[in-house]
Amino acid sequence: MRAIMPVMLPTLKGRKINLRRVHKSDAESIYKHAGDEEISRYTFLPNPYRLDDAYRFIAVTHTALRAKKAFNFGIEYKEEKEIIGMISLEHVNFQHLFAETGYWLGRKYWSQGIAREALQLVLKFGFEQLKLNRIYARVMHPNIASARVLEKTGFKKEGIMRKSIWRGGTWMDLIWYAILKEEYKHIKADWK
């Protein structure tokens, strides 16, 4: 099975959100949400997060897309037409057909089903358009909310890398999750 590598990043349309390419004009929104210390607590975002970090990040997403190494989508909340978070497929391996997904969402938008909707859209893109066979994710323990989003979307827990991340003055475990294309095919009809 050959992977299909898009030249442009498509806009993925959902109910509450659209996933789209980020532009320089989105830097303020990214900075506003990523600058929240609570967001960086369980992500790989720097803290403090500066406006310059947002501009650099946007440039990196464009470079990674051209190299077909990552597909980074801004999570645009339809009501506000603003980027409220990010979700990606990274470390894309077109030989073995796998990628890693990662995401973060502005605190104001937590517990509204938005992260799950974004994840469902990215899985559809990864499995149906890129023809991937496996998508995995890593969660810093104790980020229970993110683990719950993955589990509700069909990911299975695969293991724990004990004390593998130094964050906030302490060692944290990384919990590994994954979903296979065959599992995605069986559960996507149940998504609401």
# chains A, B, ... in the order shown; residues from 1 in each chain; ligands from 1
$ residues_around --residues "Ile135 of chain A" --least-positions-apart "4" --cutoff "9 Å" --atoms "only C-alpha atoms" --output "JSON, numbers by chain"
{"A": [89, 97, 98, 99, 100, 101, 123, 126, 127, 155, 177, 178, 179, 180, 181]}
$ write_last_selection --atoms "N, CA and C atoms" --output "compact mmCIF listing (two decimals), in the first residue's frame"
# COMPACT_ATOMS: atom_id res chain seq x y z
N LEU A 89 0.08 15.58 12.87
CA LEU A 89 0.65 14.26 12.59
C LEU A 89 2.12 14.53 12.34
N LEU A 97 4.36 3.52 7.19
CA LEU A 97 2.98 4.02 7.30
C LEU A 97 2.53 4.26 8.74
N PHE A 98 3.33 5.01 9.48
CA PHE A 98 2.90 5.41 10.82
C PHE A 98 3.26 6.87 11.07
N ALA A 99 2.63 7.44 12.09
CA ALA A 99 2.89 8.82 12.49
C ALA A 99 2.48 8.98 13.95
N GLU A 100 2.96 10.05 14.54
CA GLU A 100 2.57 10.42 15.91
C GLU A 100 1.61 11.59 15.84
N THR A 101 0.59 11.57 16.68
CA THR A 101 -0.28 12.73 16.81
C THR A 101 -0.03 13.39 18.16
N LEU A 123 -7.39 11.72 12.50
CA LEU A 123 -7.34 10.29 12.22
C LEU A 123 -7.90 9.98 10.84
N GLY A 126 -5.28 11.01 8.39
CA GLY A 126 -4.13 10.10 8.42
C GLY A 126 -4.42 8.74 7.81
N PHE A 127 -5.55 8.16 8.16
CA PHE A 127 -5.86 6.81 7.67
C PHE A 127 -6.45 6.81 6.25
N PHE A 155 -8.04 4.88 20.83
CA PHE A 155 -6.64 4.52 21.06
C PHE A 155 -6.55 3.49 22.19
N TYR A 177 0.10 5.46 23.57
CA TYR A 177 -1.17 4.98 23.03
C TYR A 177 -1.02 4.82 21.53
N ALA A 178 -1.86 3.99 20.93
CA ALA A 178 -1.88 3.87 19.46
C ALA A 178 -3.24 3.37 19.01
N ILE A 179 -3.52 3.65 17.75
CA ILE A 179 -4.71 3.12 17.08
C ILE A 179 -4.26 2.64 15.70
N LEU A 180 -4.78 1.50 15.30
CA LEU A 180 -4.47 0.92 13.99
C LEU A 180 -5.59 1.24 13.01
N LYS A 181 -5.27 1.20 11.74
CA LYS A 181 -6.26 1.48 10.70
C LYS A 181 -7.47 0.56 10.82
$ residues_around --residues "Asp173 of chain A" --least-positions-apart "6" --cutoff "8 Å" --atoms "only C-alpha atoms" --output "number ranges by chain"
A: 140-141, 160-165
$ write_last_selection --atoms "N, CA and C atoms" --output "CSV table (one decimal), in the first residue's frame"
chain,number,residue,atom,x,y,z
A,140,MET,N,1.9,12.7,28.9
A,140,MET,CA,2.6,12.9,30.2
A,140,MET,C,1.6,12.5,31.3
A,141,HIS,N,2.1,11.6,32.2
A,141,HIS,CA,1.3,11.2,33.3
A,141,HIS,C,1.5,12.3,34.4
A,160,ILE,N,4.2,2.2,29.2
A,160,ILE,CA,4.7,3.4,29.9
A,160,ILE,C,6.2,3.4,29.9
A,161,MET,N,6.7,4.6,29.5
A,161,MET,CA,8.1,4.9,29.7
A,161,MET,C,8.3,5.6,31.0
A,162,ARG,N,8.8,4.9,32.0
A,162,ARG,CA,8.8,5.4,33.3
A,162,ARG,C,9.9,6.5,33.5
A,163,LYS,N,9.5,7.6,34.1
A,163,LYS,CA,10.4,8.7,34.4
A,163,LYS,C,11.2,9.1,33.2
A,164,SER,N,10.6,9.4,32.1
A,164,SER,CA,11.3,9.7,30.9
A,164,SER,C,11.3,11.1,30.5
A,165,ILE,N,10.6,12.0,31.2
A,165,ILE,CA,10.5,13.4,30.9
A,165,ILE,C,10.7,14.2,32.2
$ residues_around --residues "segment 111-120 of chain A" --least-positions-apart "5" --cutoff "7 Å" --atoms "only C-alpha atoms" --output "list of chain:residue names"
A:Leu105, A:Val149, A:Thr153
$ select_by_dssp --residues "segment 106-152 of chain A" --states "alpha helix (DSSP H)" --output "VMD selection string"
chain A and resid 114 to 124 144 to 152
$ write_last_selection --atoms "C-alpha atoms" --output "PDB file, in the first residue's frame"
ATOM      1  CA  ILE A 114     -13.313  19.928  20.781  1.00  0.00           C
ATOM      2  CA  ALA A 115     -10.097  17.944  21.316  1.00  0.00           C
ATOM      3  CA  ARG A 116     -11.930  14.727  20.479  1.00  0.00           C
ATOM      4  CA  GLU A 117     -13.436  16.234  17.320  1.00  0.00           C
ATOM      5  CA  ALA A 118      -9.994  17.490  16.235  1.00  0.00           C
ATOM      6  CA  LEU A 119      -8.494  14.061  16.870  1.00  0.00           C
ATOM      7  CA  GLN A 120     -11.236  12.348  14.849  1.00  0.00           C
ATOM      8  CA  LEU A 121     -10.592  14.690  11.906  1.00  0.00           C
ATOM      9  CA  VAL A 122      -6.836  14.054  12.046  1.00  0.00           C
ATOM     10  CA  LEU A 123      -7.336  10.285  12.222  1.00  0.00           C
ATOM     11  CA  LYS A 124      -9.590  10.411   9.169  1.00  0.00           C
ATOM     12  CA  ILE A 144      -5.707  12.177  32.624  1.00  0.00           C
ATOM     13  CA  ALA A 145      -7.903  14.424  30.451  1.00  0.00           C
ATOM     14  CA  SER A 146      -5.722  13.896  27.378  1.00  0.00           C
ATOM     15  CA  ALA A 147      -5.536  10.147  28.011  1.00  0.00           C
ATOM     16  CA  ARG A 148      -9.339  10.071  28.227  1.00  0.00           C
ATOM     17  CA  VAL A 149      -9.656  11.867  24.854  1.00  0.00           C
ATOM     18  CA  LEU A 150      -7.402   9.254  23.249  1.00  0.00           C
ATOM     19  CA  GLU A 151      -9.289   6.338  24.806  1.00  0.00           C
ATOM     20  CA  LYS A 152     -12.710   7.736  23.795  1.00  0.00           C
TER      21      LYS A 152
END
$ select_by_dssp --residues "segment 34-169 of chain A" --states "strand (DSSP E)" --output "PyMOL selection string"
chain A and resi 71-77+82-93+98-105+134-140+156-167
$ residues_around --residues "Gly159 of chain A" --least-positions-apart "2" --cutoff "7 Å" --atoms "only C-alpha atoms" --output "ChimeraX atom specification"
/A:157,161,175-176
$ write_last_selection --atoms "N, CA and C atoms" --output "PDB file, in the first residue's frame"
ATOM      1  N   LYS A 157      -3.948   1.789  25.086  1.00  0.00           N
ATOM      2  CA  LYS A 157      -2.721   2.016  25.852  1.00  0.00           C
ATOM      3  C   LYS A 157      -1.739   0.892  25.540  1.00  0.00           C
ATOM      4  N   MET A 161       6.703   4.594  29.535  1.00  0.00           N
ATOM      5  CA  MET A 161       8.136   4.868  29.674  1.00  0.00           C
ATOM      6  C   MET A 161       8.283   5.598  31.005  1.00  0.00           C
ATOM      7  N   ILE A 175       3.015   7.904  28.823  1.00  0.00           N
ATOM      8  CA  ILE A 175       2.116   6.799  28.504  1.00  0.00           C
ATOM      9  C   ILE A 175       1.939   6.779  26.985  1.00  0.00           C
ATOM     10  N   TRP A 176       2.179   5.630  26.391  1.00  0.00           N
ATOM     11  CA  TRP A 176       2.089   5.474  24.936  1.00  0.00           C
ATOM     12  C   TRP A 176       0.746   4.857  24.564  1.00  0.00           C
TER      13      TRP A 176
END
$ residues_around --residues "Arg41 of chain A" --least-positions-apart "4" --cutoff "8 Å" --atoms "only C-alpha atoms" --output "PyMOL selection string"
chain A and resi 37+167-168
$ closest_residue --among "A:Leu130, A:Ile30, A:Leu19, A:Ile187" --to "Ser88 of chain A" --atoms "only C-alpha atoms"
A:Leu19
$ atom_distance --atom1 "atom CA of Glu76 of chain A" --atom2 "atom CA of Tyr42 of chain A"
21.4 Å
